[in-house]
Structures are given as C-alpha cells and as structure tokens.
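File shown: target_33.cif. Contents: mmCIF, C-alpha atoms.
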data_my_file
loop_
_atom_site.label_atom_id
_atom_site.label_comp_id
_atom_site.auth_asym_id
_atom_site.auth_seq_id
_atom_site.Cartn_x
_atom_site.Cartn_y
_atom_site.Cartn_z
CA MET A 109 -69.87 99.42 53.81
CA LEU A 110 -71.00 102.99 53.50
CA ILE A 111 -74.69 103.59 53.25
CA ALA A 112 -75.17 106.32 50.69
CA ALA A 113 -78.40 107.27 49.02
CA GLY A 114 -80.06 104.57 46.96
CA THR A 115 -77.43 101.93 47.52
CA ILE A 116 -79.25 99.48 49.75
CA GLY A 117 -78.57 96.04 48.35
CA VAL A 118 -78.67 92.46 49.47
CA ALA A 119 -75.29 92.79 51.21
CA HIS A 120 -76.64 95.35 53.71
CA TYR A 121 -79.37 92.96 54.77
CA LEU A 122 -76.82 90.15 55.01
CA VAL A 123 -74.68 92.23 57.37
CA VAL A 124 -77.68 92.92 59.63
CA GLY A 125 -78.54 89.22 59.57
CA ALA A 126 -74.94 88.33 60.41
CA ILE A 127 -74.93 90.65 63.43
CA MET A 128 -78.20 89.20 64.74
CA PHE A 129 -76.98 85.64 64.15
CA THR A 130 -73.72 86.28 65.99
CA THR A 131 -75.37 87.93 68.98
CA GLY A 132 -77.84 85.04 69.12
CA VAL A 133 -74.99 82.53 69.19
CA VAL A 134 -73.35 84.53 72.00
CA CYS A 135 -76.64 84.49 73.92
CA MET A 136 -77.00 80.74 73.52
CA ALA A 137 -73.42 80.17 74.66
CA THR A 138 -73.18 82.51 77.63
CA LYS A 139 -76.62 82.93 79.19
CA ARG A 140 -77.22 80.97 82.36
CA ASN A 141 -80.95 81.59 82.39
CA ALA A 142 -82.76 79.04 80.22
CA LEU A 143 -85.05 81.76 78.93
CA GLY A 144 -81.99 83.71 77.82
CA VAL A 145 -80.90 80.70 75.79
CA LEU A 146 -84.37 80.66 74.22
CA MET A 147 -84.06 84.33 73.30
CA GLY A 148 -80.70 83.56 71.68
CA ILE A 149 -82.40 80.91 69.55
CA GLU A 150 -85.01 83.44 68.47
CA LEU A 151 -82.26 85.87 67.45
CA VAL A 152 -80.47 83.19 65.41
CA LEU A 153 -83.67 82.25 63.58
CA ASN A 154 -84.37 85.90 62.84
CA GLY A 155 -80.90 86.46 61.44
CA ALA A 156 -81.45 83.55 59.08
CA ASN A 157 -84.89 84.91 58.19
CA ILE A 158 -83.43 88.26 57.19
CA ASN A 159 -81.13 86.46 54.76
CA PHE A 160 -84.02 84.47 53.26
CA VAL A 161 -86.14 87.58 52.75
CA ALA A 162 -83.22 89.57 51.32
CA PHE A 163 -82.38 86.89 48.77
CA GLY A 164 -86.02 86.45 47.84
CA SER A 165 -86.82 90.14 47.51
CA THR A 166 -87.48 91.47 44.04
CA TYR A 167 -86.80 95.00 45.26
CA LEU A 168 -83.24 94.27 46.24
CA ALA A 169 -82.21 92.16 43.28
CA GLY A 170 -79.67 93.96 41.15
CA GLU A 171 -80.98 93.55 37.61
CA GLY A 172 -84.52 92.50 38.35
CA ARG A 173 -83.71 88.87 39.02
CA SER A 174 -83.86 87.58 42.56
CA PRO A 175 -82.14 84.26 43.16
CA LEU A 176 -84.91 82.77 45.27
CA GLY A 177 -88.09 84.57 44.25
CA LEU A 178 -91.10 83.57 46.26
CA ASP A 179 -89.24 80.67 47.87
CA GLY A 180 -87.42 83.05 50.20
CA GLU A 181 -90.59 84.56 51.62
CA VAL A 182 -92.35 81.22 52.04
CA THR A 183 -89.29 79.75 53.74
CA ALA A 184 -89.24 82.72 56.10
CA LEU A 185 -92.90 82.07 56.91
CA PHE A 186 -92.19 78.43 57.70
CA VAL A 187 -89.24 79.44 59.87
CA ILE A 188 -91.50 81.82 61.82
CA LEU A 189 -94.06 79.05 62.36
CA LEU A 190 -91.44 76.52 63.45
CA ALA A 191 -89.92 79.11 65.79
CA ALA A 192 -93.31 79.55 67.44
CA ALA A 193 -93.65 75.79 67.87
CA GLU A 194 -90.10 75.51 69.20
CA ALA A 195 -90.68 78.32 71.68
CA ALA A 196 -93.83 76.62 72.99
CA VAL A 197 -92.11 73.28 73.57
CA ALA A 198 -88.95 74.81 74.99
CA LEU A 199 -90.97 76.95 77.37
CA ALA A 200 -92.90 73.89 78.54
CA ILE A 201 -89.63 72.07 79.17
CA THR A 202 -88.25 75.09 81.03
CA LEU A 203 -91.33 75.30 83.24
CA ASN A 204 -91.08 71.59 83.97
CA PHE A 205 -87.43 72.01 84.91
CA TYR A 206 -88.35 74.94 87.12
CA ASN A 207 -91.07 72.92 88.83
CA ASN A 208 -88.73 70.01 89.49
CA HIS A 209 -85.57 71.85 90.47
CA GLY A 210 -86.70 75.28 91.62
CA THR A 211 -84.33 77.09 89.27
CA VAL A 212 -83.90 77.98 85.60
CA ASP A 213 -80.10 78.00 85.74
CA VAL A 214 -78.95 75.73 82.93
CA ASP A 215 -75.70 74.98 84.79
CA ARG A 216 -77.78 73.17 87.42
CA ALA A 217 -79.27 70.83 84.81
CA ASP A 218 -76.62 68.18 85.33
CA ASP A 219 -78.65 65.29 86.65
CA LEU A 220 -77.57 63.03 83.81
CA HIS A 221 -73.82 63.39 84.17
CA GLY A 222 -72.20 60.28 85.54
CA MET B 79 -75.00 113.02 42.54
CA ASN B 80 -76.36 112.25 45.91
CA PRO B 81 -79.90 113.59 46.13
CA LEU B 82 -79.43 114.49 49.76
CA THR B 83 -76.46 116.72 48.97
CA THR B 84 -78.20 118.39 46.03
CA CYS B 85 -81.09 119.07 48.30
CA LEU B 86 -78.86 120.56 50.96
CA VAL B 87 -76.90 122.73 48.54
CA GLY B 88 -79.79 124.24 46.66
CA VAL B 89 -82.55 126.34 48.14
CA SER B 90 -85.35 123.83 48.46
CA PRO B 91 -88.98 124.01 49.45
CA PRO B 92 -90.12 121.30 51.87
CA ALA B 93 -91.90 119.29 49.20
CA ALA B 94 -88.78 119.01 47.07
CA PHE B 95 -86.82 118.14 50.18
CA LEU B 96 -89.20 115.36 51.04
CA ALA B 97 -89.06 114.06 47.51
CA ALA B 98 -85.29 114.15 47.33
CA VAL B 99 -84.50 112.37 50.59
CA ASP B 100 -83.67 108.72 50.13
CA TRP B 101 -86.32 107.39 52.47
CA HIS B 102 -85.53 103.77 51.76
CA GLY B 103 -81.93 104.18 52.83
CA MET B 104 -82.74 106.25 55.90
CA LEU B 105 -85.49 103.90 57.09
CA PHE B 106 -83.21 100.95 56.46
CA LEU B 107 -80.53 102.61 58.57
CA LEU B 108 -83.03 103.30 61.38
CA PHE B 109 -84.47 99.80 61.44
CA ALA B 110 -81.07 98.15 61.09
CA LEU B 111 -79.70 100.18 64.00
CA ILE B 112 -82.67 99.29 66.22
CA ALA B 113 -82.49 95.61 65.26
CA CYS B 114 -78.74 95.27 65.75
CA GLY B 115 -78.68 97.44 68.88
CA GLY B 116 -81.50 95.44 70.45
CA ALA B 117 -79.75 92.17 69.61
CA VAL B 118 -76.47 93.38 71.11
CA MET B 119 -78.25 94.57 74.25
CA VAL B 120 -79.92 91.17 74.58
CA ALA B 121 -76.48 89.59 74.54
CA LEU B 122 -74.96 92.10 76.95
CA THR B 123 -77.50 92.48 79.74
CA ASP B 124 -77.96 89.94 82.50
CA ASN B 125 -81.48 90.93 83.55
CA VAL B 126 -83.94 88.63 81.85
CA VAL B 127 -86.77 91.19 81.85
CA ARG B 128 -84.60 93.74 80.03
CA MET B 129 -83.52 91.01 77.62
CA ALA B 130 -87.18 90.40 76.76
CA LEU B 131 -87.76 94.13 76.20
CA HIS B 132 -84.75 94.47 73.90
CA LEU B 133 -85.79 91.35 72.04
CA VAL B 134 -89.21 92.90 71.38
CA LEU B 135 -87.52 96.00 69.95
CA SER B 136 -85.16 93.96 67.81
CA LEU B 137 -87.82 91.69 66.35
CA ALA B 138 -90.20 94.59 65.63
CA ALA B 139 -87.42 96.41 63.79
CA THR B 140 -86.79 93.21 61.85
CA ALA B 141 -90.42 93.34 60.73
CA GLY B 142 -89.70 96.87 59.50
CA LEU B 143 -86.76 95.54 57.50
CA PHE B 144 -89.06 92.95 55.93
CA PHE B 145 -91.49 95.69 54.91
CA LEU B 146 -88.61 97.62 53.34
CA ALA B 147 -87.51 94.54 51.39
CA GLY B 148 -90.94 94.26 49.81
CA ALA B 149 -92.06 91.26 51.85
CA GLU B 150 -95.15 92.82 53.38
CA PHE B 151 -96.88 89.56 54.23
CA VAL B 152 -93.83 88.14 55.98
CA GLY B 153 -93.38 91.41 57.86
CA SER B 154 -96.93 91.42 59.14
CA MET B 155 -96.66 87.74 60.08
CA GLN B 156 -93.46 88.57 61.93
CA LEU B 157 -95.31 91.22 63.91
CA MET B 158 -98.34 89.04 64.62
CA ILE B 159 -96.73 85.66 65.33
CA TYR B 160 -93.31 86.63 66.67
CA VAL B 161 -93.88 89.88 68.50
CA GLY B 162 -97.50 89.16 69.35
CA GLY B 163 -97.31 85.45 70.08
CA THR B 164 -93.87 84.00 70.70
CA LEU B 165 -92.58 86.90 72.73
CA VAL B 166 -95.71 87.07 74.85
CA LEU B 167 -95.09 83.38 75.54
CA LEU B 168 -91.50 84.18 76.53
CA VAL B 169 -92.60 87.05 78.77
CA PHE B 170 -95.06 84.70 80.48
CA GLY B 171 -92.17 82.30 81.03
CA VAL B 172 -90.15 85.13 82.55
CA MET B 173 -93.01 86.04 84.86
CA LEU B 174 -93.65 82.45 85.92
CA THR B 175 -90.01 81.90 86.87
CA ALA B 176 -89.27 85.40 88.19
CA GLN B 177 -87.65 84.79 91.54
CA THR B 178 -85.29 87.44 92.78
CA LYS B 179 -82.21 85.30 92.49
CA LEU B 180 -83.15 84.04 89.03
CA VAL B 181 -83.93 87.38 87.35
CA ALA B 182 -80.27 88.36 87.01
CA LEU B 183 -78.01 85.33 86.77
CA ARG B 184 -74.49 86.60 86.23
CA THR B 185 -72.38 85.20 83.45
CA PRO B 186 -68.73 84.68 84.46
CA ALA B 187 -66.35 87.23 82.96
CA ALA B 188 -64.08 84.57 81.47
CA ASP B 189 -67.03 83.14 79.54
CA ARG B 190 -67.84 86.61 78.24
CA VAL B 191 -64.30 87.14 76.99
CA VAL B 192 -64.13 83.79 75.19
CA ALA B 193 -67.58 84.29 73.68
CA GLY B 194 -66.63 87.79 72.55
CA ILE B 195 -63.52 86.56 70.78
CA LEU B 196 -65.39 83.73 69.05
CA ALA B 197 -68.24 86.07 68.11
CA ALA B 198 -65.82 88.57 66.58
CA ALA B 199 -64.28 85.79 64.48
CA LEU B 200 -67.67 84.48 63.36
CA LEU B 201 -68.91 87.98 62.56
CA ALA B 202 -65.77 88.72 60.53
CA VAL B 203 -66.26 85.56 58.45
CA LEU B 204 -69.96 86.25 57.86
CA VAL B 205 -69.53 89.92 56.95
CA GLN B 206 -66.58 89.11 54.71
CA SER B 207 -68.63 86.54 52.82
CA ALA B 208 -71.59 88.92 52.63
CA VAL B 209 -69.72 91.82 51.07
CA SER B 210 -67.30 89.81 48.96
CA ILE B 211 -69.76 89.03 46.17
CA GLU B 212 -70.15 91.96 43.85
CA SER B 213 -73.67 91.28 42.61
CA TRP B 214 -75.02 91.34 46.16
CA ARG B 215 -73.74 94.88 46.67
CA ARG B 216 -75.64 96.31 43.74
CA PRO B 217 -78.45 98.62 44.74
CA GLY B 218 -81.99 97.52 44.11
CA ARG B 219 -84.22 99.08 41.53
CA ALA B 220 -86.76 101.65 42.56
CA GLU B 221 -89.68 99.80 41.13
CA THR B 222 -93.03 100.04 42.83
CA GLN B 223 -95.46 97.21 42.60
CA PRO B 224 -98.75 97.27 44.45
CA PRO B 225 -98.27 95.22 47.60
CA THR B 226 -100.38 92.09 47.47
CA ALA B 227 -100.41 88.74 49.20
CA THR B 228 -101.89 86.96 46.20
CA PRO B 229 -98.74 85.12 44.99
CA ILE B 230 -97.86 83.84 48.45
CA GLY B 231 -101.44 82.84 49.23
CA MET B 232 -101.88 81.02 45.92
CA ALA B 233 -98.50 79.32 46.35
CA LEU B 234 -99.56 78.03 49.76
CA VAL B 235 -102.53 76.27 48.19
CA GLY B 236 -100.34 74.86 45.43
CA VAL B 237 -100.77 77.29 42.52
CA ARG B 238 -97.94 79.54 41.44
CA VAL B 239 -99.05 82.86 39.99
CA ASP B 240 -95.87 84.85 40.53
CA SER B 241 -93.67 85.62 37.55
CA PRO B 242 -90.90 83.07 37.23
CA PRO B 243 -87.25 84.06 37.52
CA GLU B 244 -85.72 84.59 34.10
CA THR B 245 -83.14 81.89 34.57
CA ALA B 246 -85.55 79.06 35.21
CA GLU B 247 -88.64 79.71 33.11
CA SER B 248 -88.60 76.25 31.61
CA ARG B 249 -88.55 74.33 34.87
CA PRO B 250 -91.89 73.49 36.42
CA ARG B 251 -92.29 75.06 39.83
CA SER B 252 -94.16 73.50 42.65
CA GLY B 253 -96.41 75.15 45.18
CA TYR B 254 -96.23 74.69 48.92
CA LEU B 255 -99.39 72.73 49.67
CA LEU B 256 -97.63 69.71 51.17
CA PRO B 257 -95.21 71.73 53.37
CA PHE B 258 -98.15 73.85 54.47
CA GLU B 259 -100.07 70.75 55.59
CA ILE B 260 -97.01 69.27 57.28
CA VAL B 261 -96.32 72.49 59.16
CA SER B 262 -99.91 72.87 60.29
CA VAL B 263 -100.13 69.32 61.63
CA HIS B 264 -96.70 69.79 63.21
CA LEU B 265 -97.89 72.95 64.94
CA LEU B 266 -100.98 71.17 66.26
CA VAL B 267 -98.95 68.23 67.59
CA VAL B 268 -96.40 70.56 69.14
CA LEU B 269 -99.03 72.63 70.94
CA VAL B 270 -100.74 69.50 72.29
CA GLY B 271 -97.36 68.21 73.43
CA ALA B 272 -96.47 71.51 75.05
CA ALA B 273 -99.77 71.58 76.93
CA TYR B 274 -99.12 68.00 78.06
CA LEU B 275 -95.59 68.82 79.22
CA ALA B 276 -96.55 71.95 81.10
CA ARG B 277 -99.67 70.61 82.77
CA ALA B 278 -100.05 70.68 86.53
CA LYS B 279 -99.24 67.25 87.88
CA ARG B 280 -100.36 65.53 91.06
CA ARG B 281 -97.25 64.62 92.98
CA LYS B 282 -96.50 62.03 95.60
CA THR B 283 -93.34 63.77 96.75
CA PRO B 284 -93.27 67.52 97.44
CA ARG B 285 -91.42 69.70 94.98
CA PRO B 286 -88.28 71.62 96.04
CA ILE B 287 -90.26 74.85 95.69
CA ASP B 288 -92.82 73.58 98.17
CA ILE B 289 -90.06 72.62 100.59
CA LEU B 290 -88.55 76.09 100.23
CA ALA B 291 -91.93 77.69 100.73
CA SER B 292 -92.76 75.57 103.77
CA ALA B 293 -89.43 76.54 105.38
CA ASP B 294 -90.80 80.08 105.72
CA PRO B 295 -92.84 80.71 108.88
CA PRO B 296 -96.54 80.25 108.08
CA PRO B 297 -98.78 83.28 108.48
CA PRO B 298 -100.74 83.44 111.76
CA PRO B 299 -104.19 81.90 111.35
CA PRO B 300 -107.02 84.42 111.36
CA ALA B 301 -109.04 84.16 114.52
CA ALA B 302 -112.43 82.47 114.12
CA SER B 303 -112.53 83.05 110.39
CA ALA B 304 -114.41 79.81 109.75
CA ASP B 305 -117.77 80.63 111.25
CA ARG B 306 -117.78 84.37 110.63
CA PRO B 307 -119.20 84.19 107.06
CA ALA B 308 -121.99 81.91 108.21
CA THR B 309 -123.07 84.31 110.92
CA SER B 310 -122.96 87.24 108.55
CA ILE B 311 -125.11 85.34 106.09
CA LEU B 312 -127.56 84.58 108.87
CA VAL B 313 -127.63 88.19 109.96
CA GLY B 314 -128.09 89.33 106.38
CA SER B 315 -130.96 86.91 105.82
CA ASP B 316 -132.66 88.04 109.03
CA THR B 317 -132.57 91.72 108.17
#

Step by step, read the file and then write its structure as structure tokens.
Amino acid sequence: MLIAAGTIGVAHYLVVGAIMFTTGVVCMATKRNALGVLMGIELVLNGANINFVAFGSTYLAGEGRSPLGLDGEVTALFVILLAAAEAAVALAITLNFYNNHGTVDVDRADDLHG
Amino acid sequence: MNPLTTCLVGVSPPAAFLAAVDWHGMLFLLFALIACGGAVMVALTDNVVRMALHLVLSLAATAGLFFLAGAEFVGSMQLMIYVGGTLVLLVFGVMLTAQTKLVALRTPAADRVVAGILAAALLAVLVQSAVSIESWRRPGRAETQPPTATPIGMALVGVRVDSPPETAESRPRSGYLLPFEIVSVHLLVVLVGAAYLARAKRRKTPRPIDILASADPPPPPPAASADRPATSILVGSDT
C-alpha cells in the first residue's frame, strides 16, 4: 500500500472508506453520549459514500471503464440526503430524551427493560 | 521513473518542478490523512465538542476526496448539506444538551479494549478485501474532462446523457426521476416529523430538569421592580 506518484486507484479510496467505516462503528459501539452515537453513524455513511464515489469515478477506473458509472455518484447523493433526514429525526429524538430524562447518556435509556 | 525523483535529481526551475509533482497523489494523501485522522480522533476523544470539531474536519476532507475522484457535484453537495447543514444541526444538539456532566461522558476502559480488538479485526478484513483485487489497484488515467453537472442533473429528471459503460451498451438505462421524487417527499415528511417530535410541549407534570433547577436557591427578588418602569415612563412623559 505504498503511495507513489500516479498510482492512486480505487483501492486507495477503499482503504480510506474502510478506516472511516471502522472508526464509525467504534463510535457507535462505545460512545455513551447519544450525539456521539449520531456522529458515528455519520462516519459510517461517509465511509460507504467514499466507496460509492470511488467505484463510480471515471478518473479512477483502470482502463476507462468504471463499474458503476453515474450510479455511484447519484447513490452517494441519495445517501447524503437520507443522512440529513436521519440526523434531523435522531436529533429530535435525542432532544426529547433529554427533556424527559435530563441526560443524553444512552446507558440511562433503559425504561423498557423488564 | 518517478517524476518526483527526476525532478529532485535534475536541476529544475520552479515551473518544471510544479509540473512534475504528482499533485493528485499528494492532495489525495493530504485529504486522506485529514479524513482518517479526524475520524480516529472522533472515536478516541470523550469530549463531545471536540468530537464535533474533528467530524467537521473529517467530512470536509472527504469532500476534497470527492473532488479528486472527479465527482465535483457530489463533493459540493457534501460540503453544503453535510458540513453546512447536518453538522450545524449536530452542533446545535451539542449546545442544547451541553451540561457540564454530559459534555465528557467517559467510556469504560474495558469497552475501549473490546471495541479496539473488534475494530482491528473488521479493518483487517475490509482492507484485505480492498487490496486483494488486482484491477482495483490499477492507477487511474490522467484524462481531463471539463467538470460539469449536466449528466447528473439530466439523470435526476429521468434522461441519461452520460456515455454508457462499454460492457452494457445494449441495456436500456433508467434515470432517477422516481427515486428523486421519493427522496424529496421523504425529506419533507421527515422534517415535519422532526419538528413535531422536538416541539415544546405543555406538561402536566414537571420535567426532571425543572425539578433539578428548582432545587437550586432562587435568586433574590429585585426590590420594587414592578412599579419602577411605570414611574420612569411617567417621568419621561412629563419632561
């Protein structure tokens, strides 16, 4: 995985996307603040977006043929839009939880356990 | 031969140096380092304000990666919607819930260790699968097309004007008019629902925050503050 001159391919973007995906999963699993969990979700979606754009890019395709073409970019756009919608709803739920319980600690959200 | 090394070996004027440097590779390295470093810092720090800052850095560098991959429209949308919209929303959430004891909630060390081990395993699998396919490691061609949003804009209204991939020229390709409509209605419904969820409610029972706040000693009432504005208005109207 050396980065020499003129050798940026799809695999480099996939590695960056893999790192962002993994750190997002770690955020979602370990953060106790509900907003930290939200930020982990944003990181996961961005890691997936990097993969979509890399596979759809005509610049990065080896012999001028990208596997996805325009589909990759449009899918990335839809993912960005759905991430915005998800962030709005999740933030509303978090604020509601904060209003009702006085905390954003997700470990305290155990009202439903028997 | 590596253009950077040829440039360093030979005596080179600045223009030749600028032309010989592989700017795509260097900018990719810069943006990738900022994106990955910001993501790792988001995972490592416990302070939610610093997490938001590092997330801004990481997502902005991701937009730079999109620009480098030739997806200019997606990169600008990433900057406008993600960095300009979603993250501002998140920062507002941080500010609205920023009590001193909630800003830095500590994660237990045992959880960190388990998560680190699992993350290393997941990262190993993902990186292995990313670099194992030979055609993905081939460098891209240095072709320059004028950046335009015409194919993506026409595809969103249902007309495909981009050149088809060579493997599938015979298949008819659809546009994205229906997904575009579905996503726009979905966004509208979601924003209405979010406004409904986060609205200020009238309550019969006091909230725990109000109980906590009322436990504090109330500030001393200002002496005779009720009639002082009226007298000042009277004095002002007289003079």

Atom pair atom CA of Val127 of chain B / atom CA of Val166 of chain B: separation (Å): 12.1 Å

Residues selected by the PyMOL selection byres ((chain A and resi 152-168) around 6), written as a PDB file with C-alpha atoms, in the coordinates of the input:
ATOM      1  CA  GLY A 117     -78.570  96.040  48.350  1.00  0.00           C
ATOM      2  CA  VAL A 118     -78.670  92.460  49.470  1.00  0.00           C
ATOM      3  CA  LEU A 122     -76.820  90.150  55.010  1.00  0.00           C
ATOM      4  CA  GLY A 125     -78.540  89.220  59.570  1.00  0.00           C
ATOM      5  CA  MET A 128     -78.200  89.200  64.740  1.00  0.00           C
ATOM      6  CA  PHE A 129     -76.980  85.640  64.150  1.00  0.00           C
ATOM      7  CA  GLY A 132     -77.840  85.040  69.120  1.00  0.00           C
ATOM      8  CA  ILE A 149     -82.400  80.910  69.550  1.00  0.00           C
ATOM      9  CA  GLU A 150     -85.010  83.440  68.470  1.00  0.00           C
ATOM     10  CA  LEU A 151     -82.260  85.870  67.450  1.00  0.00           C
ATOM     11  CA  ALA A 169     -82.210  92.160  43.280  1.00  0.00           C
ATOM     12  CA  SER A 174     -83.860  87.580  42.560  1.00  0.00           C
ATOM     13  CA  LEU A 176     -84.910  82.770  45.270  1.00  0.00           C
ATOM     14  CA  GLY A 177     -88.090  84.570  44.250  1.00  0.00           C
ATOM     15  CA  GLY A 180     -87.420  83.050  50.200  1.00  0.00           C
ATOM     16  CA  GLU A 181     -90.590  84.560  51.620  1.00  0.00           C
ATOM     17  CA  ALA A 184     -89.240  82.720  56.100  1.00  0.00           C
TER      18      ALA A 184
ATOM     19  CA  ALA B 147     -87.510  94.540  51.390  1.00  0.00           C
ATOM     20  CA  GLY B 218     -81.990  97.520  44.110  1.00  0.00           C
TER      21      GLY B 218
END

For atom CA of Ala191 of chain A and atom CA of Asp240 of chain B, the interatomic separation in Å (one decimal):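 Calculated distance between atom CA of Ala191 of chain A and atom CA of Asp240 of chain B is 26.6 Å.
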
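Restricting the calculation to all atoms listed in the file, the smallest distance between chain A and any of B:Thr164, B:Ser136, B:Thr226, B:Ser210 is found for B:Thr164.
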
Please return the centre and edge lengths, in Å to one decimal, of a box with edges along x, y and z that contains all listed atoms of segment 227-235 of chain B, widened by 6 Å on every side, as AutoDock Vina command-line options.
--center_x -100.2 --center_y 82.5 --center_z 47.4 --size_x 16.7 --size_y 24.5 --size_z 16.8

Quick one: residues within 12 Å of Ala188 of chain B, only C-alpha atoms, excluding same-chain residues fewer than 6 positions away - as a VMD selection string? (chain A and resid 138) or (chain B and resid 194 to 195)

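The interatomic distance for the pair atom CA of Val203 of chain B and atom CA of Arg190 of chain B works out to 19.9 Å.
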
Given the file above and the PyMOL selection byres ((chain B and resi 155) around 12), which residues are selected, and can you give them as a VMD selection string? (chain A and resid 181 to 182 184 to 189 192) or (chain B and resid 137 to 138 140 to 142 144 to 145 149 to 154 156 to 164 227)

Residues from last step as file, C-alpha atoms, as a PDB file, in the frame of the given file:
ATOM      1  CA  GLU A 181     -90.590  84.560  51.620  1.00  0.00           C
ATOM      2  CA  VAL A 182     -92.350  81.220  52.040  1.00  0.00           C
ATOM      3  CA  ALA A 184     -89.240  82.720  56.100  1.00  0.00           C
ATOM      4  CA  LEU A 185     -92.900  82.070  56.910  1.00  0.00           C
ATOM      5  CA  PHE A 186     -92.190  78.430  57.700  1.00  0.00           C
ATOM      6  CA  VAL A 187     -89.240  79.440  59.870  1.00  0.00           C
ATOM      7  CA  ILE A 188     -91.500  81.820  61.820  1.00  0.00           C
ATOM      8  CA  LEU A 189     -94.060  79.050  62.360  1.00  0.00           C
ATOM      9  CA  ALA A 192     -93.310  79.550  67.440  1.00  0.00           C
TER      10      ALA A 192
ATOM     11  CA  LEU B 137     -87.820  91.690  66.350  1.00  0.00           C
ATOM     12  CA  ALA B 138     -90.200  94.590  65.630  1.00  0.00           C
ATOM     13  CA  THR B 140     -86.790  93.210  61.850  1.00  0.00           C
ATOM     14  CA  ALA B 141     -90.420  93.340  60.730  1.00  0.00           C
ATOM     15  CA  GLY B 142     -89.700  96.870  59.500  1.00  0.00           C
ATOM     16  CA  PHE B 144     -89.060  92.950  55.930  1.00  0.00           C
ATOM     17  CA  PHE B 145     -91.490  95.690  54.910  1.00  0.00           C
ATOM     18  CA  ALA B 149     -92.060  91.260  51.850  1.00  0.00           C
ATOM     19  CA  GLU B 150     -95.150  92.820  53.380  1.00  0.00           C
ATOM     20  CA  PHE B 151     -96.880  89.560  54.230  1.00  0.00           C
ATOM     21  CA  VAL B 152     -93.830  88.140  55.980  1.00  0.00           C
ATOM     22  CA  GLY B 153     -93.380  91.410  57.860  1.00  0.00           C
ATOM     23  CA  SER B 154     -96.930  91.420  59.140  1.00  0.00           C
ATOM     24  CA  GLN B 156     -93.460  88.570  61.930  1.00  0.00           C
ATOM     25  CA  LEU B 157     -95.310  91.220  63.910  1.00  0.00           C
ATOM     26  CA  MET B 158     -98.340  89.040  64.620  1.00  0.00           C
ATOM     27  CA  ILE B 159     -96.730  85.660  65.330  1.00  0.00           C
ATOM     28  CA  TYR B 160     -93.310  86.630  66.670  1.00  0.00           C
ATOM     29  CA  VAL B 161     -93.880  89.880  68.500  1.00  0.00           C
ATOM     30  CA  GLY B 162     -97.500  89.160  69.350  1.00  0.00           C
ATOM     31  CA  GLY B 163     -97.310  85.450  70.080  1.00  0.00           C
ATOM     32  CA  THR B 164     -93.870  84.000  70.700  1.00  0.00           C
ATOM     33  CA  ALA B 227    -100.410  88.740  49.200  1.00  0.00           C
TER      34      ALA B 227
END

N, CA and C atoms are needed for segment 157-170 of chain A; please write them out as an mmCIF file, in the coordinates of the input.
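Contents of out28.cif, as written:
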data_model
loop_
_atom_site.group_PDB
_atom_site.id
_atom_site.type_symbol
_atom_site.label_atom_id
_atom_site.label_comp_id
_atom_site.auth_asym_id
_atom_site.auth_seq_id
_atom_site.Cartn_x
_atom_site.Cartn_y
_atom_site.Cartn_z
ATOM 1 N N ASN A 157 -83.707 84.437 58.905
ATOM 2 C CA ASN A 157 -84.890 84.910 58.190
ATOM 3 C C ASN A 157 -84.596 86.156 57.377
ATOM 4 N N ILE A 158 -83.789 87.052 57.932
ATOM 5 C CA ILE A 158 -83.430 88.260 57.190
ATOM 6 C C ILE A 158 -82.707 87.885 55.906
ATOM 7 N N ASN A 159 -81.823 86.887 55.971
ATOM 8 C CA ASN A 159 -81.130 86.460 54.760
ATOM 9 C C ASN A 159 -82.100 85.879 53.743
ATOM 10 N N PHE A 160 -83.044 85.064 54.195
ATOM 11 C CA PHE A 160 -84.020 84.470 53.260
ATOM 12 C C PHE A 160 -84.816 85.560 52.566
ATOM 13 N N VAL A 161 -85.314 86.520 53.338
ATOM 14 C CA VAL A 161 -86.140 87.580 52.750
ATOM 15 C C VAL A 161 -85.317 88.438 51.798
ATOM 16 N N ALA A 162 -84.048 88.722 52.179
ATOM 17 C CA ALA A 162 -83.220 89.570 51.320
ATOM 18 C C ALA A 162 -82.944 88.877 49.989
ATOM 19 N N PHE A 163 -82.655 87.584 50.032
ATOM 20 C CA PHE A 163 -82.380 86.890 48.770
ATOM 21 C C PHE A 163 -83.647 86.702 47.946
ATOM 22 N N GLY A 164 -84.795 86.647 48.595
ATOM 23 C CA GLY A 164 -86.020 86.450 47.840
ATOM 24 C C GLY A 164 -86.678 87.736 47.390
ATOM 25 N N SER A 165 -86.139 88.891 47.808
ATOM 26 C CA SER A 165 -86.820 90.140 47.510
ATOM 27 C C SER A 165 -86.579 90.560 46.067
ATOM 28 N N THR A 166 -87.645 90.944 45.395
ATOM 29 C CA THR A 166 -87.480 91.470 44.040
ATOM 30 C C THR A 166 -87.050 92.928 44.047
ATOM 31 N N TYR A 167 -87.232 93.608 45.178
ATOM 32 C CA TYR A 167 -86.800 95.000 45.260
ATOM 33 C C TYR A 167 -85.289 95.112 45.320
ATOM 34 N N LEU A 168 -84.670 94.153 45.999
ATOM 35 C CA LEU A 168 -83.240 94.270 46.240
ATOM 36 C C LEU A 168 -82.397 93.638 45.167
ATOM 37 N N ALA A 169 -83.012 92.850 44.288
ATOM 38 C CA ALA A 169 -82.210 92.160 43.280
ATOM 39 C C ALA A 169 -81.637 93.170 42.299
ATOM 40 N N GLY A 170 -80.390 92.968 41.928
ATOM 41 C CA GLY A 170 -79.670 93.960 41.150
ATOM 42 C C GLY A 170 -80.319 94.272 39.813
#
